[in-house]
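Worksheet: one structure, shown below.
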Amino acid sequence: MPSTLADAQNLLSDLIARYCERVDYLMIRLEEAEGTDILLRGDKVETLSEGISIGGHIRACYKGGWGLSCFNQLGTIQDRIEEAIAAARMVGDEETLLAPIDPVQAVCVLPLKGTDPRKIPLSKKKQLCDRYTELLKSIDDRITTTSVRYGDSAQRVIIATSEGTLIEQSWVDMEMRFAATARNGETVQTGRETTGSRKAYEDLTDLDEQVKGAAQRAIAALSLPPVKGNTYTVVIDPILTGLFVHEAFGHLSEADMAYENPDLLEVMTIGRRFGPEELQIFDGAAPEGHRGSYFYDDEGTPATTTQLIKDGVLVGRLHSRETAGKLQEAPTGNARCLNYHFTPIVRMTNTWIERGKTPVKDLFTDIKEGVYARNWLGGMTNGEMFTFSAGEAWMIRNGKIAEPVRDVTLSGNVFQTLADIEAIGDDFYWDESGGCGKGGQNGLSVGCGGPSLRIQDVVVGGEM
């Protein structure tokens, strides 16, 4: 890996000049990464490692066909360029359509506001995990299984293109996950918490209340009655709103999903109404300090903030340069790859619903019987259909939060659910716990957020 951008410029400029006439587009990515991975299951250490990775990839495009070749040894880079070009020329039989961007030369570092985790010894990170494990176990004897996971990664990426772009970008990312499973006879319940940061190691060292909360919810749920399955008016908290907007709507806004599926493209028609006039949905890497934030995406497109829904109407979608070119829209800076083993694809960054005007207490007004759901345990989406499990929930009776219940799952069609939003709260919360998966690239850092929402006619699973 070249030690300076000047070294990289000399190396990559010479290589691109030598090969660029054989393709329509050529990009070289060099990457240096280091990180820590710790996984404790109860008292057992399943993973305890530190690692360094150095490598890169070549992307070549010819007549709309793409070739990708990865490498770990810089000395093989010319062979890898030949491979990528050969692959692109083999499959290319159309027109190369890449939305234009201005070439840029820049060095960008996402700043930390506290301690860099690379300065913390592995032993201290393990001690932190041990402390959180003991907290989970200490809540109650009925906690039968615990898991604590710690991960950090630092990446330095240099990309150079045949259009004259040369960017060096670096960042540090951290994440922790906690789970506690409680058992009482045949009844088993689990509580989970996840958090992440791109700001400081200290963001992970004072999570005692959050960790204990996961175990306490698991214990409390053992004695709770299951919710009665039905269709309810539901109030969800900002964490569930963030999950909903990311999983259920955000992926449908990724233009490669729409371009490759004509039926979805017809549904996701710009100008179509999907929700109330108060509904505003955004995605963007430009807001600073979040886990999906950066200066340039993995094609060198500047980070932006893209409004997806304005006043309830679809006004935008997320693009790579290729999807923007094919749909004749502007690139949005959403081409991302997990690391040099993968090609950039269209991915969300930070996705959120803007806060509304309704005081949160008023969201419950006039609900004769409903459900209030907070936090999340898990979920899945299948196209426009979704199912999410709430971390904790209560019945709403006559406009008031009533008895707690368990086993609450929310499901429905995302487009119908957006249309059924009755009110948007005046609160807001950023959830930095996201690790997004798509196309085999799992764990890509994202942020999501939003206010509390009141939604009518939500199918709530439980006992009948």
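Letters A, B, ... go to the chains of the structure tokens in the order shown; residues in each chain start at 1; ligands are counted from 1 in the same order.
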Q. Stretch 104-335 of chain A: which residues are strand (DSSP E or B) by DSSP, as number ranges by chain?
A. A: 105-109, 143-161, 166-184, 187-197, 226, 228, 230-236, 254, 273, 281-284, 296, 302, 305-310, 313-314, 318, 335
Q. Stretch 104-228 of chain A: which residues are helix (DSSP H, G or I) by DSSP, as a PyMOL selection string?
A. chain A and resi 117-119+122-138+201-204+208-222
Output N, CA and C atoms for every residue in the selection just made, as a short mmCIF file (atom, residue, chain, number, x, y, z; two decimals), in the first residue's frame.
data_model
loop_
_atom_site.label_atom_id
_atom_site.label_comp_id
_atom_site.auth_asym_id
_atom_site.auth_seq_id
_atom_site.Cartn_x
_atom_site.Cartn_y
_atom_site.Cartn_z
N PRO A 117 -9.95 3.41 18.79
CA PRO A 117 -9.90 2.06 19.37
C PRO A 117 -8.61 1.32 19.08
N ARG A 118 -7.88 1.74 18.06
CA ARG A 118 -6.60 1.09 17.77
C ARG A 118 -5.57 1.35 18.86
N LYS A 119 -5.83 2.36 19.70
CA LYS A 119 -4.90 2.66 20.79
C LYS A 119 -5.24 1.90 22.07
N LEU A 122 -5.92 -5.09 23.20
CA LEU A 122 -6.91 -6.16 23.06
C LEU A 122 -7.39 -6.64 24.42
N SER A 123 -6.49 -6.69 25.39
CA SER A 123 -6.85 -7.16 26.73
C SER A 123 -7.92 -6.28 27.37
N LYS A 124 -7.82 -4.96 27.16
CA LYS A 124 -8.82 -4.06 27.74
C LYS A 124 -10.17 -4.19 27.03
N LYS A 125 -10.16 -4.43 25.74
CA LYS A 125 -11.41 -4.65 25.03
C LYS A 125 -12.07 -5.94 25.52
N LYS A 126 -11.25 -6.96 25.78
CA LYS A 126 -11.78 -8.22 26.33
C LYS A 126 -12.35 -7.97 27.73
N GLN A 127 -11.68 -7.17 28.56
CA GLN A 127 -12.18 -6.87 29.90
C GLN A 127 -13.54 -6.16 29.83
N LEU A 128 -13.69 -5.28 28.84
CA LEU A 128 -14.98 -4.59 28.66
C LEU A 128 -16.08 -5.60 28.36
N CYS A 129 -15.80 -6.54 27.48
CA CYS A 129 -16.78 -7.58 27.15
C CYS A 129 -17.09 -8.45 28.35
N ASP A 130 -16.06 -8.78 29.15
CA ASP A 130 -16.28 -9.57 30.37
C ASP A 130 -17.21 -8.83 31.33
N ARG A 131 -17.00 -7.53 31.46
CA ARG A 131 -17.83 -6.76 32.39
C ARG A 131 -19.29 -6.76 31.94
N TYR A 132 -19.53 -6.59 30.66
CA TYR A 132 -20.90 -6.60 30.17
C TYR A 132 -21.52 -8.00 30.28
N THR A 133 -20.72 -9.04 30.10
CA THR A 133 -21.23 -10.41 30.28
C THR A 133 -21.70 -10.61 31.71
N GLU A 134 -20.90 -10.17 32.67
CA GLU A 134 -21.27 -10.33 34.08
C GLU A 134 -22.52 -9.53 34.40
N LEU A 135 -22.68 -8.36 33.80
CA LEU A 135 -23.90 -7.57 34.01
C LEU A 135 -25.13 -8.33 33.52
N LEU A 136 -25.04 -8.92 32.32
CA LEU A 136 -26.16 -9.68 31.78
C LEU A 136 -26.53 -10.85 32.70
N LYS A 137 -25.53 -11.56 33.18
CA LYS A 137 -25.76 -12.74 34.02
C LYS A 137 -26.28 -12.38 35.41
N SER A 138 -25.94 -11.17 35.89
CA SER A 138 -26.25 -10.80 37.27
C SER A 138 -27.71 -10.43 37.49
N TYR A 201 -14.03 5.54 21.11
CA TYR A 201 -14.10 4.29 21.87
C TYR A 201 -14.93 4.48 23.13
N GLU A 202 -14.88 5.66 23.71
CA GLU A 202 -15.64 5.93 24.93
C GLU A 202 -17.14 5.74 24.75
N ASP A 203 -17.64 5.80 23.52
CA ASP A 203 -19.06 5.59 23.28
C ASP A 203 -19.50 4.17 23.63
N LEU A 204 -18.54 3.26 23.78
CA LEU A 204 -18.87 1.86 24.07
C LEU A 204 -18.58 1.46 25.51
N ASP A 208 -23.74 0.36 30.71
CA ASP A 208 -24.25 -0.55 31.73
C ASP A 208 -25.77 -0.61 31.74
N GLU A 209 -26.44 0.53 31.72
CA GLU A 209 -27.90 0.53 31.79
C GLU A 209 -28.52 -0.11 30.55
N GLN A 210 -27.94 0.16 29.40
CA GLN A 210 -28.44 -0.44 28.17
C GLN A 210 -28.27 -1.95 28.20
N VAL A 211 -27.13 -2.43 28.68
CA VAL A 211 -26.85 -3.86 28.75
C VAL A 211 -27.81 -4.53 29.73
N LYS A 212 -27.95 -3.95 30.93
CA LYS A 212 -28.86 -4.52 31.92
C LYS A 212 -30.29 -4.53 31.40
N GLY A 213 -30.65 -3.50 30.62
CA GLY A 213 -32.00 -3.44 30.08
C GLY A 213 -32.33 -4.63 29.20
N ALA A 214 -31.36 -5.13 28.43
CA ALA A 214 -31.61 -6.29 27.58
C ALA A 214 -31.98 -7.50 28.42
N ALA A 215 -31.22 -7.74 29.50
CA ALA A 215 -31.51 -8.88 30.36
C ALA A 215 -32.82 -8.69 31.13
N GLN A 216 -33.07 -7.48 31.58
CA GLN A 216 -34.29 -7.21 32.34
C GLN A 216 -35.53 -7.42 31.48
N ARG A 217 -35.47 -7.05 30.20
CA ARG A 217 -36.62 -7.27 29.32
C ARG A 217 -36.87 -8.75 29.11
N ALA A 218 -35.79 -9.53 29.00
CA ALA A 218 -35.96 -10.98 28.82
C ALA A 218 -36.65 -11.59 30.04
N ILE A 219 -36.22 -11.19 31.25
CA ILE A 219 -36.83 -11.71 32.47
C ILE A 219 -38.28 -11.26 32.60
N ALA A 220 -38.52 -9.99 32.36
CA ALA A 220 -39.88 -9.46 32.50
C ALA A 220 -40.85 -10.17 31.56
N ALA A 221 -40.38 -10.47 30.34
CA ALA A 221 -41.26 -11.07 29.35
C ALA A 221 -41.70 -12.49 29.72
N LEU A 222 -40.96 -13.16 30.60
CA LEU A 222 -41.33 -14.52 30.99
C LEU A 222 -42.71 -14.58 31.61
#
Taking only C-alpha atoms into account, produce a table as a Markdown table in which each residue of stretch 284-360 of chain A with an atom at most 6 Å from an atom of stretch 276-280 of chain A appears once, together with its shortest atom pair and the distance in Å to one decimal, ordered by chain and rising number.
| residue | atom | partner | partner_atom | distance |
| --- | --- | --- | --- | --- |
| A:Ile309 | CA | A:Gln280 | CA | 5.2 |
| A:Lys310 | CA | A:Gln280 | CA | 5.0 |
| A:Asp311 | CA | A:Glu277 | CA | 4.1 |
| A:Gly312 | CA | A:Glu277 | CA | 4.7 |
| A:Ile353 | CA | A:Gln280 | CA | 5.8 |
| A:Glu354 | CA | A:Gln280 | CA | 5.5 |
Q) To one decimal place, how far is atom CA of A:Phe249 from atom CA of A:Val414 in Å? A) 6.6 Å
(Q) Measuring between only C-alpha atoms, which one of A:Leu97, A:Ile16, A:Met90, A:Leu264 shows the shortest distance to A:Gly64? (A) A:Leu97
I'd like a table as a tab-separated table: residues in stretch 62-141 of chain A with an atom no more than 7 Å from stretch 161-178 of chain A, each row giving the shortest atom pair and its distance in Å to one decimal, only C-alpha atoms counted, sorted by chain and rising residue number.
residue	atom	partner	partner_atom	distance
A:Pro103	CA	A:Thr165	CA	4.5
A:Val104	CA	A:Thr165	CA	4.8
A:Gln105	CA	A:Leu166	CA	4.7
A:Ala106	CA	A:Ile167	CA	5.0
A:Val107	CA	A:Glu168	CA	4.7
A:Cys108	CA	A:Gln169	CA	4.7
A:Val109	CA	A:Ser170	CA	5.0
A:Leu110	CA	A:Trp171	CA	5.1
Dump as a PDB file, in the first residue's frame, selection limited to N, CA, C and O atoms:
ATOM      1  N   PRO A 103     -14.421  14.996 -11.894  1.00  0.00           N
ATOM      2  CA  PRO A 103     -13.273  14.351 -11.261  1.00  0.00           C
ATOM      3  C   PRO A 103     -12.764  15.192 -10.099  1.00  0.00           C
ATOM      4  O   PRO A 103     -12.834  16.425 -10.122  1.00  0.00           O
ATOM      5  N   VAL A 104     -12.268  14.525  -9.057  1.00  0.00           N
ATOM      6  CA  VAL A 104     -11.826  15.227  -7.860  1.00  0.00           C
ATOM      7  C   VAL A 104     -10.571  14.559  -7.321  1.00  0.00           C
ATOM      8  O   VAL A 104     -10.381  13.355  -7.470  1.00  0.00           O
ATOM      9  N   GLN A 105      -9.710  15.374  -6.732  1.00  0.00           N
ATOM     10  CA  GLN A 105      -8.550  14.867  -6.014  1.00  0.00           C
ATOM     11  C   GLN A 105      -8.628  15.390  -4.590  1.00  0.00           C
ATOM     12  O   GLN A 105      -8.694  16.607  -4.375  1.00  0.00           O
ATOM     13  N   ALA A 106      -8.662  14.480  -3.621  1.00  0.00           N
ATOM     14  CA  ALA A 106      -8.898  14.889  -2.238  1.00  0.00           C
ATOM     15  C   ALA A 106      -8.386  13.837  -1.273  1.00  0.00           C
ATOM     16  O   ALA A 106      -8.305  12.656  -1.603  1.00  0.00           O
ATOM     17  N   VAL A 107      -8.054  14.297  -0.078  1.00  0.00           N
ATOM     18  CA  VAL A 107      -7.741  13.429   1.058  1.00  0.00           C
ATOM     19  C   VAL A 107      -8.774  13.723   2.133  1.00  0.00           C
ATOM     20  O   VAL A 107      -8.917  14.875   2.561  1.00  0.00           O
ATOM     21  N   CYS A 108      -9.488  12.696   2.585  1.00  0.00           N
ATOM     22  CA  CYS A 108     -10.605  12.880   3.517  1.00  0.00           C
ATOM     23  C   CYS A 108     -10.456  11.918   4.689  1.00  0.00           C
ATOM     24  O   CYS A 108     -10.314  10.707   4.491  1.00  0.00           O
ATOM     25  N   VAL A 109     -10.520  12.463   5.885  1.00  0.00           N
ATOM     26  CA  VAL A 109     -10.474  11.662   7.107  1.00  0.00           C
ATOM     27  C   VAL A 109     -11.721  11.964   7.921  1.00  0.00           C
ATOM     28  O   VAL A 109     -11.974  13.122   8.265  1.00  0.00           O
ATOM     29  N   LEU A 110     -12.521  10.939   8.216  1.00  0.00           N
ATOM     30  CA  LEU A 110     -13.668  11.148   9.098  1.00  0.00           C
ATOM     31  C   LEU A 110     -13.139  11.269  10.513  1.00  0.00           C
ATOM     32  O   LEU A 110     -12.559  10.318  11.054  1.00  0.00           O
TER      33      LEU A 110
END
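As for atom CA of A:Pro121 and atom CA of A:Val45, they are spaced 17.0 Å apart.
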Q. Atom CA of A:Ala200 and atom CA of A:Glu288 are how many Å apart?
A.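 Computing the Euclidean distance for atom CA of A:Ala200 and atom CA of A:Glu288 yields 14.1 Å.
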**Q.** Given only C-alpha atoms as the counted atoms, nearest of A:Arg183, A:Gly450, A:Gly370, A:Ile455 to A:Gly229
**A.**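 Result for the nearest residue to A:Gly229: A:Gly370.
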Q: Go through A:Asp152, A:Asp426, A:Glu193, A:Glu266 and flag the residue nearest A:Trp376, using only C-alpha atoms for the distances.
A: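 Looking only at the distances to A:Trp376, the closest residue turns out to be A:Glu193.
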Q) Which residue out of A:Ala87, A:Ile281, A:Leu207, A:Val313 has the minimum interatomic distance to A:Ile58 when only C-alpha atoms are used? A)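 Smallest separation from A:Ile58 among the options: A:Ala87.
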Q. Skipping near chain neighbours, those fewer than 4 positions away, what residues fall within 8 Å of stretch 419-422 of chain A using only C-alpha atoms, listed as a list in words?
A.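 The neighbour list is Phe274, Gly275, Pro276, Phe415, Leu453, Arg454, Ile455, Gln456 and Asp457 of chain A.
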Q: Would you kindly return, as a ChimeraX atom specification, each protein, DNA or RNA residue with an atom no farther than 10 Å from any atom of A:Phe244, considering only C-alpha atoms and excluding same-chain residues fewer than 5 positions away?
A: /A:236,238-239,249-250,352-353,379,381,386-388,414,448-450
Could those residues be written to a file, using C-alpha atoms, as a PDB file, in the first residue's frame?
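Now in part_5.pdb:
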ATOM      1  CA  ILE A 236     -44.131   2.699  17.392  1.00  0.00           C
ATOM      2  CA  PRO A 238     -38.293   6.075  16.990  1.00  0.00           C
ATOM      3  CA  ILE A 239     -36.070   2.950  17.009  1.00  0.00           C
ATOM      4  CA  PHE A 249     -38.850   1.307   2.420  1.00  0.00           C
ATOM      5  CA  GLY A 250     -35.154   2.086   2.013  1.00  0.00           C
ATOM      6  CA  TRP A 352     -34.644   8.736   8.252  1.00  0.00           C
ATOM      7  CA  ILE A 353     -38.176  10.025   8.530  1.00  0.00           C
ATOM      8  CA  GLY A 379     -37.280  -8.684  11.393  1.00  0.00           C
ATOM      9  CA  THR A 381     -38.560  -8.132   4.480  1.00  0.00           C
ATOM     10  CA  PHE A 386     -42.292  -6.859   6.119  1.00  0.00           C
ATOM     11  CA  THR A 387     -42.421  -8.519   9.542  1.00  0.00           C
ATOM     12  CA  PHE A 388     -40.730  -6.998  12.619  1.00  0.00           C
ATOM     13  CA  VAL A 414     -44.914  -1.160   3.206  1.00  0.00           C
ATOM     14  CA  CYS A 448     -31.336   5.250  10.623  1.00  0.00           C
ATOM     15  CA  GLY A 449     -33.731   7.386  12.568  1.00  0.00           C
ATOM     16  CA  GLY A 450     -37.096   8.959  12.922  1.00  0.00           C
TER      17      GLY A 450
END
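Nearest residue to A:Val346 among A:Phe282, A:Ala390, A:Glu403, A:Gln441 is A:Gln441, counting only C-alpha atoms.
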